[in-house]
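What follows is a single structure, written as structure tokens, with notes after it.
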Amino acid sequence: MFSSRANDGDVIGETMTVEGPSGDFWLRPGSAPLLLVAGGSGLAPILALLRAAADEGCARPVTLLFGARTQRDLYALEEIRAIERAWKGPFRFTPVLSEAAADGAWAGARGLVTDHLLDGLDTSAQVYLCGPPAMIDAAEATLRERGVTQRQIHADRFLTREDLANRARPAEAHSGVEAGIFDYLKFFLFHAVGLFAATTIVAGGAWPTYGLLGTLAFYLIGDAISGDDTSTPRYTRPGILTVQLWLALPLLSLIVFAAIWSVSPGDPLGFGALVTLLTGFDAIAARGATFWGHHVSTAVITGLTIGMIGTITAHELTHRTWDRVSMFFGRWLLAFSFDTVFSIEHVYGHHRYVSTEHDPATAPRGRNVYYHVVASTLKSNLSAWKIERRRLLRRGLGLWSWHNAFLRGHLMSLGLVALAWAIGGPVGAGFFVVCALWGKALLEIVNYMEHYGMVRDPATPVQPRHSWNTTKRISSWSMFNLTRHSHHHAQGEVPYQDLRPFPEAPTMIGGYLTTIAVAMIPPLWHALMTPKVLAWDHAYANDGERELARRANARSGIAAFQRAA
């Protein structure tokens, strides 16, 4: 649309605001040969990479394959020849035409550019692929068959938002085995946990405490004994999985309503009478006999479900910025924890600055988790405000207006507080606020444990090694693969069902709830995590990150870190 407007229309004197792609494409250091494959306009990032390397005097052997349809589609040939002349080492350039006339004058390579990948292939090469997704998928499959590892391949697929919403994932994202019915049903475990929590809340008496203990045991013991989930089936019906996510909003609404009802005077909406009518169980009498300590259990399990059913699902949904329905469900789920700014700061801030000093959600070495909850909450709100202000300014929209998603989101949360007041009066509203704040605190605890102690130069791309990962089965199935956090940060657009486990990535202490429990005991956390962070420095960090780690160790206040510094 932009190209046509600029080329075909009269745009002199007009002002346009253009939001471009936000990816990056850069040459990794090393001495291995380079295989560069470009399709169509994918040549542009390849040329940028080559120009920068030539300016630095790079002498690595280069093979450049450029695929186009016809001879008239070949461009920048003089620039390529100039780079070739300036290159300090061997440089081979092969243009490939897929639709050259059989009786034409073209004497060069014909066919698909991927047909020529194996011509003189050095399997130790670093490979850079840029262009249409189909070309890249085919190239990766061919290279992998010849022994080139995934670690050697770096790809920039030209995807639109519609592509992200609808396209099948690349071949390496799954095992090739088509998902069976169980692979879809296992993610409903999430809904079963939520219904169990709602049932124990309504049952009253000691049942909320039993429900809380049962939920904790299910995750802590389940992750400990059920092993790891490293399966990556191919899902051909992703719509089912999206509906599973949307169902979280009515489920969480039911849980929170039941929690507010459990402390409310009277019988709001006749809910207790309806339960008695349908089941024969006197829910109102059971509520009246509930000891105050069990109401505390209700608050804890409600906040836990706000964090799990609300935030985890919203995390997936609000990454789908191209899908208005998913964004609607995601932001309302976040409203239950007063954290709709997550849909702004997490997607446009955290994913850009993760594991750096600029990221509010990344906890530096030595930080206490309780301090992190407060500091990250305040800083993430400030970051979200700045991001939204820049967005509105670019679009010429008013800051103090309904267009401001930051303000609109907090009004959504205030609306839920008002609704809780209407249901249960001031006690019900206060109870909801406590549950919501606990749910919000859980998010920050999860942020704390997902990136604790990691370091990264903001000028370098995010890689799987910059997140703590886990493959525990129960956590994976009931948390929509949030456990596969390393892949999520490396490729934030990949839907949860296609995330790979990355067993070689740095690993957490245990499953998610296990690691949360450890994080809430700071002495135990530092005793277990300090050796893991130091091991990360040795096994995963590059030279620049080791210097950043040394400085972080010196500032940490932890003796073991400071000795390492």
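Just remember, in the structure tokens the first chain shown is A, the second B, etc., residues are 1-based per chain, and ligands are 1-based in the order shown.
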Segment 215-231 of chain A surroundings by only C-alpha atoms, 9 Å radius, close-in-sequence under 4 positions cut, as a PyMOL selection string: chain A and resi 174-175+193+196-197+210-211+301+470-477+500-503+510-514
Residue neighbourhood Gly349 of chain A, 9 Å, only C-alpha atoms, exclusion window fewer than 2 positions, as a compact mmCIF listing (two decimals) with all heavy atoms, in the first residue's frame:
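Once everything was written out, this is out-v2.txt:
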# COMPACT_ATOMS: atom_id res chain seq x y z
N ILE A 344 0.90 -3.69 26.88
CA ILE A 344 1.71 -2.65 26.23
C ILE A 344 3.19 -2.89 26.53
O ILE A 344 4.01 -3.07 25.63
CB ILE A 344 1.30 -1.25 26.72
CG1 ILE A 344 -0.19 -1.00 26.46
CG2 ILE A 344 2.16 -0.17 26.07
CD1 ILE A 344 -0.72 0.26 27.10
N GLU A 345 3.53 -2.90 27.81
CA GLU A 345 4.93 -2.94 28.20
C GLU A 345 5.57 -4.29 27.87
O GLU A 345 6.72 -4.34 27.40
CB GLU A 345 5.06 -2.67 29.70
CG GLU A 345 6.41 -2.12 30.12
CD GLU A 345 7.53 -3.14 30.07
OE1 GLU A 345 7.28 -4.33 30.39
OE2 GLU A 345 8.66 -2.76 29.71
N HIS A 346 4.84 -5.38 28.08
CA HIS A 346 5.43 -6.69 27.84
C HIS A 346 5.75 -6.89 26.36
O HIS A 346 6.85 -7.31 26.00
CB HIS A 346 4.48 -7.79 28.32
CG HIS A 346 4.99 -9.17 28.05
ND1 HIS A 346 5.82 -9.83 28.92
CD2 HIS A 346 4.80 -10.01 27.00
CE1 HIS A 346 6.12 -11.01 28.42
NE2 HIS A 346 5.52 -11.16 27.25
N VAL A 347 4.78 -6.59 25.50
CA VAL A 347 4.95 -6.86 24.07
C VAL A 347 5.95 -5.90 23.44
O VAL A 347 6.80 -6.31 22.65
CB VAL A 347 3.58 -6.78 23.35
CG1 VAL A 347 3.75 -6.97 21.85
CG2 VAL A 347 2.63 -7.82 23.92
N HIS A 351 9.94 -7.50 25.62
CA HIS A 351 10.53 -8.35 24.58
C HIS A 351 11.67 -7.66 23.84
O HIS A 351 12.49 -8.34 23.24
CB HIS A 351 9.44 -8.79 23.59
CG HIS A 351 8.81 -10.09 23.97
ND1 HIS A 351 9.13 -11.28 23.39
CD2 HIS A 351 7.89 -10.38 24.93
CE1 HIS A 351 8.43 -12.25 23.94
NE2 HIS A 351 7.67 -11.74 24.88
N ARG A 352 11.72 -6.37 23.92
CA ARG A 352 12.83 -5.65 23.30
C ARG A 352 14.04 -5.59 24.22
O ARG A 352 15.18 -5.71 23.76
CB ARG A 352 12.37 -4.23 22.94
CG ARG A 352 13.45 -3.38 22.31
CD ARG A 352 12.91 -1.99 21.96
NE ARG A 352 13.92 -1.17 21.32
CZ ARG A 352 13.73 0.09 20.96
NH1 ARG A 352 12.55 0.66 21.17
NH2 ARG A 352 14.70 0.79 20.39
N TYR A 353 13.80 -5.39 25.51
CA TYR A 353 14.90 -5.14 26.44
C TYR A 353 15.17 -6.28 27.41
O TYR A 353 15.96 -6.11 28.34
CB TYR A 353 14.61 -3.86 27.24
CG TYR A 353 14.60 -2.61 26.41
CD1 TYR A 353 13.44 -1.87 26.22
CD2 TYR A 353 15.76 -2.17 25.78
CE1 TYR A 353 13.44 -0.71 25.44
CE2 TYR A 353 15.78 -1.02 25.01
CZ TYR A 353 14.61 -0.30 24.84
OH TYR A 353 14.62 0.83 24.07
N VAL A 354 14.55 -7.43 27.22
CA VAL A 354 14.68 -8.53 28.17
C VAL A 354 16.15 -8.84 28.46
O VAL A 354 17.01 -8.79 27.59
CB VAL A 354 13.95 -9.78 27.64
CG1 VAL A 354 14.58 -10.29 26.36
CG2 VAL A 354 13.90 -10.87 28.69
N HIS A 358 17.65 -2.21 31.04
CA HIS A 358 16.53 -1.35 30.66
C HIS A 358 15.18 -2.03 30.88
O HIS A 358 14.15 -1.37 30.71
CB HIS A 358 16.65 -0.98 29.17
CG HIS A 358 17.95 -0.31 28.82
ND1 HIS A 358 18.27 0.96 29.26
CD2 HIS A 358 19.01 -0.74 28.10
CE1 HIS A 358 19.47 1.28 28.81
NE2 HIS A 358 19.94 0.27 28.11
N ASP A 359 15.17 -3.30 31.24
CA ASP A 359 13.93 -4.06 31.36
C ASP A 359 13.46 -4.10 32.80
O ASP A 359 14.14 -4.68 33.66
CB ASP A 359 14.14 -5.48 30.84
CG ASP A 359 12.90 -6.33 30.99
OD1 ASP A 359 11.78 -5.78 30.86
OD2 ASP A 359 13.03 -7.54 31.23
N PRO A 360 12.28 -3.53 33.12
CA PRO A 360 11.79 -3.57 34.51
C PRO A 360 11.55 -4.99 35.02
O PRO A 360 11.64 -5.24 36.22
CB PRO A 360 10.47 -2.79 34.44
CG PRO A 360 10.55 -1.97 33.20
CD PRO A 360 11.38 -2.76 32.24
N SER A 380 7.26 -0.85 35.28
CA SER A 380 6.55 -1.32 34.09
C SER A 380 5.39 -0.39 33.74
O SER A 380 5.10 -0.16 32.57
CB SER A 380 6.06 -2.75 34.28
OG SER A 380 5.12 -2.84 35.34
N SER A 383 7.03 2.57 32.12
CA SER A 383 7.45 2.21 30.77
C SER A 383 6.26 2.14 29.82
O SER A 383 6.33 2.64 28.69
CB SER A 383 8.18 0.86 30.80
OG SER A 383 8.48 0.42 29.50
N ALA A 384 5.16 1.52 30.27
CA ALA A 384 3.97 1.41 29.43
C ALA A 384 3.42 2.79 29.09
O ALA A 384 2.97 3.03 27.95
CB ALA A 384 2.91 0.58 30.14
N ILE A 387 5.62 4.27 26.36
CA ILE A 387 5.39 3.59 25.08
C ILE A 387 4.07 4.06 24.46
O ILE A 387 4.00 4.36 23.26
CB ILE A 387 5.37 2.06 25.27
CG1 ILE A 387 6.77 1.56 25.65
CG2 ILE A 387 4.87 1.35 24.02
CD1 ILE A 387 6.81 0.12 26.11
**Request:** From segment 428-471 of chain A, collect each residue whose DSSP state is helix (DSSP H, G or I) and return the set as a VMD selection string.
**Result:** chain A and resid 428 to 451 464 to 466
Written file, previous selection with N, CA and C atoms, as a PDB file, in the first residue's frame:
ATOM      1  N   GLY A 428     -17.009  -7.149  49.627  1.00  0.00           N
ATOM      2  CA  GLY A 428     -16.749  -7.847  48.370  1.00  0.00           C
ATOM      3  C   GLY A 428     -15.729  -7.129  47.515  1.00  0.00           C
ATOM      4  N   ALA A 429     -15.823  -5.794  47.441  1.00  0.00           N
ATOM      5  CA  ALA A 429     -14.864  -5.024  46.648  1.00  0.00           C
ATOM      6  C   ALA A 429     -13.465  -5.130  47.245  1.00  0.00           C
ATOM      7  N   GLY A 430     -13.369  -5.006  48.569  1.00  0.00           N
ATOM      8  CA  GLY A 430     -12.067  -5.116  49.221  1.00  0.00           C
ATOM      9  C   GLY A 430     -11.458  -6.492  49.034  1.00  0.00           C
ATOM     10  N   PHE A 431     -12.308  -7.521  49.117  1.00  0.00           N
ATOM     11  CA  PHE A 431     -11.828  -8.893  48.929  1.00  0.00           C
ATOM     12  C   PHE A 431     -11.292  -9.074  47.509  1.00  0.00           C
ATOM     13  N   PHE A 432     -11.988  -8.520  46.538  1.00  0.00           N
ATOM     14  CA  PHE A 432     -11.528  -8.621  45.147  1.00  0.00           C
ATOM     15  C   PHE A 432     -10.198  -7.902  44.959  1.00  0.00           C
ATOM     16  N   VAL A 433     -10.036  -6.727  45.557  1.00  0.00           N
ATOM     17  CA  VAL A 433      -8.785  -5.982  45.421  1.00  0.00           C
ATOM     18  C   VAL A 433      -7.615  -6.797  45.969  1.00  0.00           C
ATOM     19  N   VAL A 434      -7.829  -7.449  47.125  1.00  0.00           N
ATOM     20  CA  VAL A 434      -6.767  -8.282  47.701  1.00  0.00           C
ATOM     21  C   VAL A 434      -6.399  -9.416  46.745  1.00  0.00           C
ATOM     22  N   CYS A 435      -7.410 -10.082  46.207  1.00  0.00           N
ATOM     23  CA  CYS A 435      -7.158 -11.193  45.278  1.00  0.00           C
ATOM     24  C   CYS A 435      -6.439 -10.700  44.022  1.00  0.00           C
ATOM     25  N   ALA A 436      -6.861  -9.542  43.513  1.00  0.00           N
ATOM     26  CA  ALA A 436      -6.262  -8.998  42.293  1.00  0.00           C
ATOM     27  C   ALA A 436      -4.804  -8.629  42.509  1.00  0.00           C
ATOM     28  N   LEU A 437      -4.504  -8.008  43.642  1.00  0.00           N
ATOM     29  CA  LEU A 437      -3.121  -7.627  43.930  1.00  0.00           C
ATOM     30  C   LEU A 437      -2.235  -8.858  44.103  1.00  0.00           C
ATOM     31  N   TRP A 438      -2.774  -9.907  44.687  1.00  0.00           N
ATOM     32  CA  TRP A 438      -2.023 -11.152  44.822  1.00  0.00           C
ATOM     33  C   TRP A 438      -1.769 -11.755  43.436  1.00  0.00           C
ATOM     34  N   GLY A 439      -2.782 -11.691  42.557  1.00  0.00           N
ATOM     35  CA  GLY A 439      -2.598 -12.160  41.191  1.00  0.00           C
ATOM     36  C   GLY A 439      -1.534 -11.360  40.456  1.00  0.00           C
ATOM     37  N   LYS A 440      -1.528 -10.043  40.648  1.00  0.00           N
ATOM     38  CA  LYS A 440      -0.511  -9.184  40.038  1.00  0.00           C
ATOM     39  C   LYS A 440       0.872  -9.516  40.595  1.00  0.00           C
ATOM     40  N   ALA A 441       0.964  -9.735  41.903  1.00  0.00           N
ATOM     41  CA  ALA A 441       2.251 -10.083  42.515  1.00  0.00           C
ATOM     42  C   ALA A 441       2.797 -11.380  41.925  1.00  0.00           C
ATOM     43  N   LEU A 442       1.905 -12.328  41.638  1.00  0.00           N
ATOM     44  CA  LEU A 442       2.346 -13.588  41.042  1.00  0.00           C
ATOM     45  C   LEU A 442       3.007 -13.361  39.688  1.00  0.00           C
ATOM     46  N   LEU A 443       2.449 -12.454  38.889  1.00  0.00           N
ATOM     47  CA  LEU A 443       3.075 -12.151  37.604  1.00  0.00           C
ATOM     48  C   LEU A 443       4.504 -11.669  37.801  1.00  0.00           C
ATOM     49  N   GLU A 444       4.699 -10.771  38.749  1.00  0.00           N
ATOM     50  CA  GLU A 444       6.043 -10.222  38.953  1.00  0.00           C
ATOM     51  C   GLU A 444       6.985 -11.269  39.535  1.00  0.00           C
ATOM     52  N   ILE A 445       6.451 -12.199  40.329  1.00  0.00           N
ATOM     53  CA  ILE A 445       7.291 -13.299  40.821  1.00  0.00           C
ATOM     54  C   ILE A 445       7.723 -14.175  39.644  1.00  0.00           C
ATOM     55  N   VAL A 446       6.800 -14.420  38.724  1.00  0.00           N
ATOM     56  CA  VAL A 446       7.134 -15.207  37.533  1.00  0.00           C
ATOM     57  C   VAL A 446       8.173 -14.468  36.681  1.00  0.00           C
ATOM     58  N   ASN A 447       7.990 -13.155  36.492  1.00  0.00           N
ATOM     59  CA  ASN A 447       9.014 -12.378  35.784  1.00  0.00           C
ATOM     60  C   ASN A 447      10.365 -12.516  36.467  1.00  0.00           C
ATOM     61  N   TYR A 448      10.341 -12.464  37.787  1.00  0.00           N
ATOM     62  CA  TYR A 448      11.565 -12.554  38.588  1.00  0.00           C
ATOM     63  C   TYR A 448      12.307 -13.844  38.280  1.00  0.00           C
ATOM     64  N   MET A 449      11.582 -14.953  38.253  1.00  0.00           N
ATOM     65  CA  MET A 449      12.260 -16.246  38.121  1.00  0.00           C
ATOM     66  C   MET A 449      12.568 -16.598  36.662  1.00  0.00           C
ATOM     67  N   GLU A 450      11.883 -15.971  35.700  1.00  0.00           N
ATOM     68  CA  GLU A 450      12.112 -16.305  34.295  1.00  0.00           C
ATOM     69  C   GLU A 450      13.404 -15.707  33.746  1.00  0.00           C
ATOM     70  N   HIS A 451      13.876 -14.602  34.333  1.00  0.00           N
ATOM     71  CA  HIS A 451      15.057 -13.937  33.771  1.00  0.00           C
ATOM     72  C   HIS A 451      16.060 -13.523  34.849  1.00  0.00           C
ATOM     73  N   PRO A 464      17.547 -17.971  22.887  1.00  0.00           N
ATOM     74  CA  PRO A 464      16.980 -18.881  23.895  1.00  0.00           C
ATOM     75  C   PRO A 464      17.758 -18.901  25.208  1.00  0.00           C
ATOM     76  N   ARG A 465      19.041 -18.616  25.165  1.00  0.00           N
ATOM     77  CA  ARG A 465      19.847 -18.659  26.382  1.00  0.00           C
ATOM     78  C   ARG A 465      19.559 -17.504  27.333  1.00  0.00           C
ATOM     79  N   HIS A 466      18.732 -16.550  26.925  1.00  0.00           N
ATOM     80  CA  HIS A 466      18.457 -15.386  27.766  1.00  0.00           C
ATOM     81  C   HIS A 466      17.210 -15.549  28.624  1.00  0.00           C
TER      82      HIS A 466
END
Selection: 10 Å around Met16 of chain A, only C-alpha atoms, excl. self and same-chain fewer than 6 positions, as a short mmCIF file (atom, residue, chain, number, x, y, z; two decimals) with C-alpha atoms, in the first residue's frame:
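Just written: around-v2.cif:
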data_model
loop_
_atom_site.label_atom_id
_atom_site.label_comp_id
_atom_site.auth_asym_id
_atom_site.auth_seq_id
_atom_site.Cartn_x
_atom_site.Cartn_y
_atom_site.Cartn_z
CA PHE A 2 2.75 2.44 0.88
CA ARG A 394 3.11 9.22 16.16
CA ARG A 395 -0.55 8.85 15.22
#
- Find the residue from A:Val11, A:Leu392, A:Trp400, A:Leu419 that sits nearest to Pro268 of chain A; use only C-alpha atoms when measuring.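 Once distances to Pro268 of chain A are computed over only C-alpha atoms, the minimum belongs to A:Leu419.
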### Message
Need the shell around Ala552 of chain A: protein/DNA/RNA residues with any atom at most 10 Å away, counting only C-alpha atoms. Skip same-chain ones fewer than 4 positions apart. Format as a list in words?
### Response
Glu357, Pro364, Arg365, Gly366, Gly453, Met454, Val455, Arg546, Glu547, Leu548, Ser556, Gly557, Phe561, Gln562 and Ala565 of chain A
Would you put the residues from that selection into a file with C-alpha atoms, as a tab-separated table (two decimals), in the first residue's frame?
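Output file again.tsv is given in full below:
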chain	number	residue	atom	x	y	z
A	357	GLU	CA	19.26	-3.15	32.62
A	364	PRO	CA	19.35	-8.21	38.63
A	365	ARG	CA	21.55	-10.55	40.61
A	366	GLY	CA	21.05	-10.36	44.36
A	453	GLY	CA	20.44	-12.75	36.81
A	454	MET	CA	20.48	-12.84	33.00
A	455	VAL	CA	22.57	-10.25	31.16
A	546	ARG	CA	30.75	-12.10	30.73
A	547	GLU	CA	31.93	-8.54	31.28
A	548	LEU	CA	28.36	-7.44	31.99
A	556	SER	CA	24.88	-8.02	43.70
A	557	GLY	CA	25.58	-7.96	47.42
A	561	PHE	CA	28.77	-13.45	43.12
A	562	GLN	CA	31.26	-10.91	44.43
A	565	ALA	CA	33.66	-10.79	40.12
**Study point:** DSSP-assigned strand (DSSP E) members of segment 154-308 of chain A, reported as an NGL selection string
**Key:** :A and (154-157)
| Spatial neighbours of Ile558 of chain A, 10 Å, only C-alpha atoms, chain gap at least 4 places, as number ranges by chain | A: 365-367, 526-527, 530, 553-554, 562-563
**Asked** Pick from A:Ile309, A:Met135, A:Ala101, A:Leu159: nearest to Val113 of chain A, with only C-alpha atoms counted?
**Response**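 The answer is A:Met135, which sits nearest to Val113 of chain A.
Residue nearest Pro238 of chain A within the list A:His154, A:Leu278, A:Tyr184, A:Trp322: A:Tyr184 [criterion: smallest interatomic distance, only C-alpha atoms].
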* **Long-range neighbours of Val202 of chain A as a count of residues only, 7 Å cut-off, only C-alpha atoms, 3 positions minimum in chain** => 5
